[in-house]
$ cat protein.cif   # mmCIF, C-alpha atoms
data_final
loop_
_atom_site.label_atom_id
_atom_site.label_comp_id
_atom_site.auth_asym_id
_atom_site.auth_seq_id
_atom_site.Cartn_x
_atom_site.Cartn_y
_atom_site.Cartn_z
CA MET A 29 95.43 176.77 -50.34
CA GLN A 30 96.77 179.19 -47.72
CA GLN A 31 96.19 182.16 -50.03
CA ALA A 32 92.60 181.01 -50.49
CA ALA A 33 92.17 180.79 -46.71
CA TRP A 34 93.41 184.35 -46.33
CA GLY A 35 90.93 185.47 -48.95
CA LEU A 36 88.04 183.78 -47.16
CA GLY A 37 89.11 185.30 -43.87
CA VAL A 38 89.15 188.80 -45.27
CA ALA A 39 85.91 188.32 -47.14
CA ALA A 40 84.26 187.56 -43.83
CA LEU A 41 85.08 190.99 -42.43
CA SER A 42 81.89 192.95 -41.96
CA HIS A 43 83.19 196.50 -41.96
CA PHE A 44 85.98 196.49 -44.55
CA SER A 45 86.14 195.75 -48.24
CA LEU A 46 88.82 193.57 -49.80
CA ALA A 47 90.50 196.69 -51.14
CA GLU A 48 90.65 198.17 -47.64
CA ALA A 49 91.89 194.97 -46.03
CA TYR A 50 94.71 194.10 -48.41
CA ALA A 51 98.04 195.78 -48.86
CA LYS A 52 98.68 196.50 -52.51
CA PRO A 53 102.36 195.48 -52.57
CA LEU A 54 101.93 191.87 -51.43
CA ASP A 55 98.19 191.23 -51.62
CA LEU A 56 98.35 190.44 -47.90
CA PRO A 57 96.63 192.07 -44.96
CA ILE A 58 98.69 194.92 -43.54
CA GLY A 59 99.68 193.98 -40.01
CA LEU A 60 100.84 196.07 -37.06
CA GLN A 61 103.39 195.18 -34.42
CA LEU A 62 101.60 196.51 -31.35
CA TYR A 63 104.87 197.59 -29.75
CA THR A 64 104.27 200.74 -31.78
CA VAL A 65 101.24 201.58 -29.61
CA ARG A 66 102.49 199.91 -26.43
CA ASP A 67 101.68 202.79 -24.07
CA GLU A 68 98.16 203.15 -25.44
CA LEU A 69 97.64 199.38 -25.29
CA GLN A 70 98.62 199.31 -21.64
CA LYS A 71 96.09 202.03 -20.80
CA ASP A 72 93.18 200.66 -22.84
CA MET A 73 93.60 197.40 -24.71
CA GLU A 74 90.13 197.22 -26.20
CA GLY A 75 90.07 200.85 -27.30
CA THR A 76 93.56 200.63 -28.78
CA LEU A 77 92.70 197.54 -30.81
CA ARG A 78 89.59 199.26 -32.15
CA ALA A 79 91.65 202.32 -33.10
CA VAL A 80 94.22 200.12 -34.87
CA ALA A 81 91.44 198.40 -36.83
CA ASP A 82 89.86 201.76 -37.70
CA VAL A 83 93.06 202.72 -39.51
CA GLY A 84 92.65 199.62 -41.67
CA TYR A 85 94.99 197.07 -40.08
CA ARG A 86 93.69 193.54 -40.08
CA GLU A 87 96.44 191.62 -38.28
CA VAL A 88 98.61 192.28 -35.25
CA GLU A 89 101.76 190.93 -33.69
CA HIS A 90 102.03 190.86 -29.90
CA ASN A 91 102.10 188.42 -26.98
CA PHE A 92 99.44 190.14 -24.81
CA THR A 93 101.33 189.15 -21.68
CA GLY A 94 99.39 190.12 -18.58
CA TYR A 95 95.98 189.75 -20.22
CA GLU A 96 93.72 186.73 -19.81
CA VAL A 97 93.16 184.79 -23.02
CA PRO A 98 89.34 185.15 -23.05
CA ARG A 99 89.64 188.92 -22.76
CA VAL A 100 92.19 189.07 -25.59
CA ARG A 101 90.08 186.86 -27.83
CA ALA A 102 87.00 188.98 -27.22
CA ALA A 103 88.87 192.23 -27.85
CA LEU A 104 90.40 190.94 -31.09
CA ALA A 105 87.05 189.64 -32.31
CA ALA A 106 85.31 192.92 -31.49
CA ALA A 107 87.91 194.80 -33.52
CA ASN A 108 87.94 192.30 -36.42
CA LEU A 109 91.64 191.69 -35.85
CA ARG A 110 93.77 188.54 -35.86
CA VAL A 111 96.98 187.98 -33.93
CA THR A 112 99.18 186.04 -36.35
CA SER A 113 102.54 186.25 -34.57
CA MET A 114 103.44 186.35 -30.88
CA ASN A 115 106.84 187.52 -29.73
CA TYR A 116 109.11 186.86 -26.77
CA THR A 117 112.70 187.56 -25.76
CA SER A 118 115.26 184.78 -25.71
CA SER A 119 115.08 184.41 -21.92
CA GLU A 120 111.28 184.28 -22.02
CA LEU A 121 111.50 181.37 -24.44
CA THR A 122 113.52 179.35 -21.93
CA VAL A 123 110.66 179.15 -19.42
CA GLU A 124 107.12 177.77 -19.70
CA LEU A 125 107.46 177.24 -23.44
CA ASP A 126 104.57 174.76 -23.59
CA ALA A 127 102.27 177.32 -21.97
CA LYS A 128 103.33 179.93 -24.53
CA LEU A 129 102.64 177.50 -27.36
CA ASP A 130 99.21 176.69 -25.95
CA ARG A 131 98.45 180.39 -25.59
CA ALA A 132 99.52 181.07 -29.16
CA LYS A 133 97.37 178.27 -30.55
CA THR A 134 94.36 179.32 -28.47
CA LEU A 135 94.63 182.87 -29.81
CA GLY A 136 95.00 181.60 -33.37
CA SER A 137 98.59 182.72 -33.91
CA GLU A 138 100.63 181.15 -36.68
CA TYR A 139 104.12 182.08 -35.42
CA LEU A 140 106.24 182.62 -32.37
CA ALA A 141 109.08 185.09 -32.87
CA CYS A 142 112.10 185.89 -30.72
CA THR A 143 112.32 189.67 -30.47
CA TYR A 144 115.90 189.98 -29.24
CA LEU A 145 118.73 188.29 -27.41
CA GLU A 146 119.25 189.23 -23.79
CA GLY A 147 122.11 191.60 -23.23
CA PHE A 148 120.65 194.12 -25.66
CA ASN A 149 117.75 196.06 -24.26
CA LEU A 150 116.05 199.25 -25.37
CA GLN A 151 113.57 200.95 -23.06
CA ALA A 152 111.60 204.01 -24.09
CA ARG A 153 110.73 206.77 -21.68
CA ASP A 154 108.86 209.87 -22.81
CA THR A 155 111.03 210.78 -25.79
CA GLN A 156 113.63 209.13 -27.95
CA ALA A 157 116.29 211.36 -26.39
CA GLU A 158 115.65 209.68 -23.04
CA VAL A 159 116.36 206.14 -24.18
CA THR A 160 118.16 204.06 -21.59
CA HIS A 161 120.66 201.54 -22.82
CA THR A 162 121.89 198.28 -21.35
CA VAL A 163 124.28 196.37 -23.55
CA ARG A 164 126.99 193.76 -23.32
CA GLN A 165 128.97 192.51 -26.27
CA LEU A 166 127.67 189.14 -27.36
CA SER A 167 130.39 186.63 -28.16
CA LEU A 168 130.52 183.95 -30.81
CA ASP A 169 129.69 181.42 -28.09
CA ASP A 170 126.62 183.48 -27.17
CA PHE A 171 125.35 183.21 -30.74
CA LYS A 172 126.11 179.49 -30.81
CA ARG A 173 124.00 179.07 -27.67
CA ALA A 174 121.28 181.23 -29.23
CA ALA A 175 121.24 178.98 -32.29
CA ASP A 176 120.88 175.92 -30.07
CA LEU A 177 117.98 177.57 -28.23
CA PHE A 178 116.30 178.53 -31.49
CA ASN A 179 116.57 174.99 -32.85
CA HIS A 180 114.96 173.71 -29.64
CA VAL A 181 112.15 176.28 -29.70
CA GLY A 182 111.67 175.84 -33.44
CA ASP A 183 111.28 172.09 -33.00
CA ALA A 184 108.69 172.59 -30.26
CA CYS A 185 106.82 175.09 -32.45
CA HIS A 186 106.93 172.74 -35.41
CA ARG A 187 105.45 169.90 -33.36
CA ALA A 188 102.73 172.29 -32.17
CA GLY A 189 101.89 173.32 -35.73
CA LEU A 190 103.45 176.79 -35.43
CA GLY A 191 106.31 178.53 -37.19
CA PHE A 192 109.24 180.12 -35.38
CA ALA A 193 111.35 183.08 -36.47
CA TYR A 194 114.15 185.23 -35.09
CA HIS A 195 113.92 189.02 -35.34
CA ALA A 196 117.38 190.50 -35.87
CA HIS A 197 118.49 194.09 -35.31
CA ASN A 198 121.80 195.67 -36.28
CA PHE A 199 124.09 194.36 -33.54
CA GLU A 200 124.02 190.85 -35.02
CA PHE A 201 126.24 192.22 -37.81
CA THR A 202 129.06 193.10 -35.39
CA PRO A 203 132.24 191.40 -36.68
CA LEU A 204 133.33 188.36 -34.66
CA GLY A 205 136.61 187.39 -36.27
CA ASP A 206 135.77 186.23 -39.79
CA THR A 207 132.04 185.94 -39.09
CA TYR A 208 129.22 187.74 -37.27
CA GLY A 209 126.26 186.71 -35.17
CA TYR A 210 123.62 186.92 -37.86
CA GLN A 211 125.61 184.65 -40.13
CA GLU A 212 126.10 182.13 -37.32
CA ILE A 213 122.37 182.02 -36.54
CA LEU A 214 121.56 181.38 -40.19
CA ARG A 215 124.31 178.77 -40.48
CA ARG A 216 123.70 176.93 -37.22
CA THR A 217 119.91 176.71 -37.25
CA ASP A 218 117.75 174.24 -39.14
CA PRO A 219 115.90 176.19 -41.86
CA LYS A 220 112.96 173.82 -41.50
CA LEU A 221 112.59 174.89 -37.86
CA VAL A 222 114.05 178.39 -37.59
CA GLN A 223 113.21 181.20 -39.94
CA ILE A 224 113.81 184.95 -39.90
CA GLU A 225 111.63 187.95 -39.24
CA ALA A 226 113.43 190.54 -41.36
CA ASP A 227 113.26 194.11 -40.06
CA CYS A 228 113.93 196.33 -43.05
CA TYR A 229 115.02 199.28 -40.90
CA TRP A 230 117.62 197.38 -38.91
CA PHE A 231 119.11 195.83 -42.04
CA ALA A 232 119.42 199.30 -43.57
CA ARG A 233 120.74 200.81 -40.32
CA ALA A 234 123.54 198.24 -40.30
CA GLY A 235 124.34 199.10 -43.92
CA LYS A 236 123.07 195.74 -45.17
CA ASP A 237 120.83 195.01 -48.15
CA VAL A 238 117.87 192.90 -47.05
CA VAL A 239 117.17 191.92 -50.68
CA GLU A 240 120.61 190.33 -50.94
CA TYR A 241 119.70 188.13 -47.98
CA PHE A 242 116.33 187.32 -49.54
CA GLU A 243 118.18 186.12 -52.62
CA LYS A 244 120.83 184.20 -50.70
CA TYR A 245 118.35 182.48 -48.39
CA PRO A 246 115.14 182.11 -50.44
CA GLY A 247 112.05 181.05 -48.54
CA ARG A 248 113.54 181.74 -45.12
CA PHE A 249 111.84 185.07 -44.40
CA PRO A 250 108.12 184.47 -43.69
CA LEU A 251 107.76 187.56 -41.51
CA LEU A 252 108.63 191.14 -42.42
CA HIS A 253 108.84 194.30 -40.31
CA LEU A 254 108.16 197.54 -42.14
CA LYS A 255 109.59 200.79 -40.87
CA ASP A 256 111.58 203.41 -42.72
CA MET A 257 114.93 205.11 -42.07
CA LYS A 258 115.64 208.82 -42.16
CA PRO A 259 118.31 209.93 -44.66
CA GLY A 260 121.89 210.88 -43.90
CA ARG A 261 122.72 208.14 -41.38
CA THR A 262 126.10 206.41 -41.39
CA PRO A 263 125.71 202.63 -41.02
CA THR A 264 126.25 201.33 -37.50
CA VAL A 265 126.07 198.01 -35.69
CA ASP A 266 125.71 199.78 -32.34
CA PHE A 267 122.17 199.17 -31.14
CA HIS A 268 121.85 202.37 -29.15
CA ALA A 269 123.38 204.60 -31.82
CA GLY A 270 121.21 202.93 -34.44
CA ALA A 271 117.93 203.80 -32.73
CA ASP A 272 118.01 207.35 -34.05
CA ALA A 273 116.38 207.27 -37.47
CA PHE A 274 112.92 205.68 -37.30
CA THR A 275 110.28 207.18 -39.55
CA GLU A 276 107.01 206.21 -41.18
CA VAL A 277 107.02 203.85 -44.15
CA GLY A 278 107.42 205.88 -47.33
CA ARG A 279 109.04 208.87 -45.61
CA GLY A 280 112.59 207.56 -45.56
CA VAL A 281 115.28 206.17 -47.83
CA ILE A 282 114.32 202.49 -48.02
CA ASP A 283 113.39 201.27 -51.51
CA TRP A 284 110.10 199.55 -50.74
CA LYS A 285 109.24 198.65 -54.30
CA ARG A 286 112.48 196.69 -54.64
CA ILE A 287 111.85 194.90 -51.33
CA PHE A 288 108.30 193.96 -52.20
CA ARG A 289 109.33 192.67 -55.63
CA ALA A 290 111.79 190.33 -53.89
CA ALA A 291 109.46 189.38 -51.04
CA PRO A 292 107.61 186.44 -52.70
CA ALA A 293 110.84 184.54 -53.38
CA ALA A 294 111.93 185.31 -49.81
CA GLY A 295 108.86 183.48 -48.58
CA VAL A 296 107.11 186.46 -46.97
CA LYS A 297 103.71 185.49 -45.61
CA ARG A 298 103.06 188.19 -43.03
CA ALA A 299 104.15 191.84 -42.92
CA TYR A 300 103.84 194.18 -39.95
CA VAL A 301 104.35 197.91 -39.66
CA GLU A 302 106.46 198.72 -36.63
CA GLN A 303 107.86 202.02 -35.45
CA ASP A 304 109.82 201.85 -32.23
CA PHE A 305 109.59 205.60 -31.61
CA CYS A 306 107.21 208.05 -33.25
CA GLU A 307 107.67 211.79 -33.63
CA HIS A 308 103.94 212.09 -34.26
CA SER A 309 101.33 210.39 -32.12
CA PRO A 310 101.57 206.63 -32.63
CA PHE A 311 98.12 206.54 -34.23
CA GLU A 312 99.07 209.25 -36.70
CA SER A 313 102.28 207.40 -37.51
CA ILE A 314 100.59 204.06 -38.11
CA ARG A 315 98.05 205.75 -40.36
CA ILE A 316 100.79 207.39 -42.45
CA SER A 317 102.52 204.03 -42.92
CA TYR A 318 99.26 202.23 -43.66
CA ASP A 319 98.17 204.77 -46.26
CA TYR A 320 101.53 204.57 -48.04
CA LEU A 321 101.49 200.78 -48.16
CA HIS A 322 97.84 200.56 -49.10
CA ASN A 323 98.38 202.78 -52.13
CA LEU A 324 101.83 201.57 -53.18
CA GLN A 325 102.02 200.13 -56.69
CA ILE A 326 104.98 197.93 -57.57
#
$ encode --input "protein.cif" --output "C-alpha cells"
Amino acid sequence: MQQAAWGLGVAALSHFSLAEAYAKPLDLPIGLQLYTVRDELQKDMEGTLRAVADVGYREVEHNFTGYEVPRVRAALAAANLRVTSMNYTSSELTVELDAKLDRAKTLGSEYLACTYLEGFNLQARDTQAEVTHTVRQLSLDDFKRAADLFNHVGDACHRAGLGFAYHAHNFEFTPLGDTYGYQEILRRTDPKLVQIEADCYWFARAGKDVVEYFEKYPGRFPLLHLKDMKPGRTPTVDFHAGADAFTEVGRGVIDWKRIFRAAPAAGVKRAYVEQDFCEHSPFESIRISYDYLHNLQI
C-alpha cells in the first residue's frame, strides 16, 4: 500500500518523469539531507529548494527551524519537493516536543530523527581544514540516558503517527568496557519505537560493516544516509579525525551495490544523499551523487 502511495505521489509530479524521480537501486525517490546545502539554504531558501529539485531530487530531510510553516510549505510545493524526515539534536528533543511533532505533521513529514548526542559537535567554517571541534567523552550512563530519551520521544512520535530514528556517527563505536554506545542504544531502545538512520560513511569510517548490522537487526533501518568515503583511511572512532574523507557517492570505496541489495531486508524506506563538506560547490556535489545513484544498476 505504501509503495503504491509513493508511486501515485511521483506520478503527480508535473515536471519529472518516473524515471527521473526514482533512484534505480531502491525504486525510491532520491532524497537530499539539506545540511549539504545549508549555507545556500540560509541565504535563499526558495531558490535553493528549486535548485535541489532541478538536479532531480524529490524528497528532502531538514527541520526548517527559523522559517514559518506556511512559507516552507509554499516553497516545497513550488519546487515539487516533500520533506519526509525532520531532524533535531538530543537537547532539542527535550524541549517543546509536541510543537515539533505538530510542525512535522503539518509539513507532511513521516519521521523525526535525532542527528547527534550533545557533547559531540561539528561546525563548518569556510573550509574543512577550519573545522572547530567540541567533544567530551560520553560514558555508558550517557548512552543509557540517551536510550531512555529515545524511548520517550519514539513513543510520542508513535502516538502522533510518526516514526523516530537515531542517526549514529563513528563515536558511538568507542569501546566502553565490554560494550559501546551504539550497541547500548540498540539494546536499550524499543525497536517498535526507536529505529536507526544508518549513515553509510560513518559506519565505514569507524571500520564497521553496515550490511552486517542490517542482517543482525532486520527491519530496523528505515532511513539511510548516502555519502562516500575516500580511500586510504584508517578506521577511527574519533569524530573530529573521522571528518576527513567525505566524497560524492560513487567516488569512494563504499560498495553501494552490496548495501542496496541488503537494504530491503533492513527495512529502508527513505534514502538521502548527504555530504557534510564538499570540495566542489555543494550543487555540483549533489548532482554527481544523484547521477551516480540514478544510473546505478544492482
$ residues_around --input "protein.cif" --residues "Glu225 (chain A)" --least-positions-apart "3" --cutoff "6 Å" --atoms "all atoms listed in the file" --output "JSON list (two decimals) with C-alpha atoms, in the coordinates of the input"
[["chain", "number", "residue", "atom", "x", "y", "z"],
["A", 193, "ALA", "CA", 111.35, 183.08, -36.47],
["A", 194, "TYR", "CA", 114.15, 185.23, -35.09],
["A", 195, "HIS", "CA", 113.92, 189.02, -35.34],
["A", 249, "PHE", "CA", 111.84, 185.07, -44.40],
["A", 251, "LEU", "CA", 107.76, 187.56, -41.51],
["A", 252, "LEU", "CA", 108.63, 191.14, -42.42]]
$ resolve_selection --input "protein.cif" --expression "the PyMOL selection byres ((chain A and resi 215-223) around 10)" --output "PyMOL selection string"
chain A and resi 141+171-187+190-195+209-214+224-226+245+247-251+295
$ resolve_selection --input "protein.cif" --expression "the PyMOL selection byres ((chain A and resi 114) around 6)" --output "VMD selection string"
chain A and resid 89 to 91 113 115 140
$ residues_around --input "protein.cif" --residues "Thr202 (chain A)" --least-positions-apart "5" --cutoff "12 Å" --atoms "all atoms listed in the file" --output "ChimeraX atom specification"
/A:165-168,171,196-197,207-212,234-236,263-267
$ closest_residue --input "protein.cif" --among "A:Val277, A:Ala127, A:Leu254, A:Leu121" --to "Tyr144 (chain A)" --atoms "only C-alpha atoms"
A:Leu121
$ resolve_selection --input "protein.cif" --expression "the PyMOL selection byres ((chain A and resi 81) around 10)" --output "list in words"
His43, Phe44, Ala49, Gly59, Leu60, Gly75, Thr76, Leu77, Arg78, Ala79, Val80, Asp82, Val83, Gly84, Tyr85, Arg86, Glu87, Val88, Leu104, Ala106, Ala107, Asn108 and Leu109 of chain A
$ residues_near_point --input "protein.cif" --point "(103.3, 208.0, -41.7)" --cutoff "9 Å" --atoms "all atoms listed in the file" --output "list in words"
Thr275, Glu276, Val277, Gly278, Arg279, His308, Glu312, Ser313, Ile314, Arg315, Ile316, Ser317, Tyr318, Asp319 and Tyr320 of chain A
$ write_last_selection --input "protein.cif" --atoms "C-alpha atoms" --output "compact mmCIF listing (two decimals), in the frame of the given file"
# COMPACT_ATOMS: atom_id res chain seq x y z
CA THR A 275 110.28 207.18 -39.55
CA GLU A 276 107.01 206.21 -41.18
CA VAL A 277 107.02 203.85 -44.15
CA GLY A 278 107.42 205.88 -47.33
CA ARG A 279 109.04 208.87 -45.61
CA HIS A 308 103.94 212.09 -34.26
CA GLU A 312 99.07 209.25 -36.70
CA SER A 313 102.28 207.40 -37.51
CA ILE A 314 100.59 204.06 -38.11
CA ARG A 315 98.05 205.75 -40.36
CA ILE A 316 100.79 207.39 -42.45
CA SER A 317 102.52 204.03 -42.92
CA TYR A 318 99.26 202.23 -43.66
CA ASP A 319 98.17 204.77 -46.26
CA TYR A 320 101.53 204.57 -48.04
$ closest_residue --input "protein.cif" --among "A:Gly280, A:Pro292, A:Pro203, A:Gly260" --to "Phe242 (chain A)" --atoms "all atoms listed in the file"
A:Pro292
$ atom_distance --input "protein.cif" --atom1 "CA of Gly136 (chain A)" --atom2 "CA of Arg110 (chain A)"
7.5 Å
$ atom_distance --input "protein.cif" --atom1 "CA of Val239 (chain A)" --atom2 "CA of His322 (chain A)"
21.2 Å
$ closest_residue --input "protein.cif" --among "A:Lys258, A:Glu124, A:Asp206, A:Asn198" --to "Arg233 (chain A)" --atoms "all atoms listed in the file"
A:Asn198
$ atom_distance --input "protein.cif" --atom1 "CA of Asp283 (chain A)" --atom2 "CA of Asp256 (chain A)"
9.2 Å
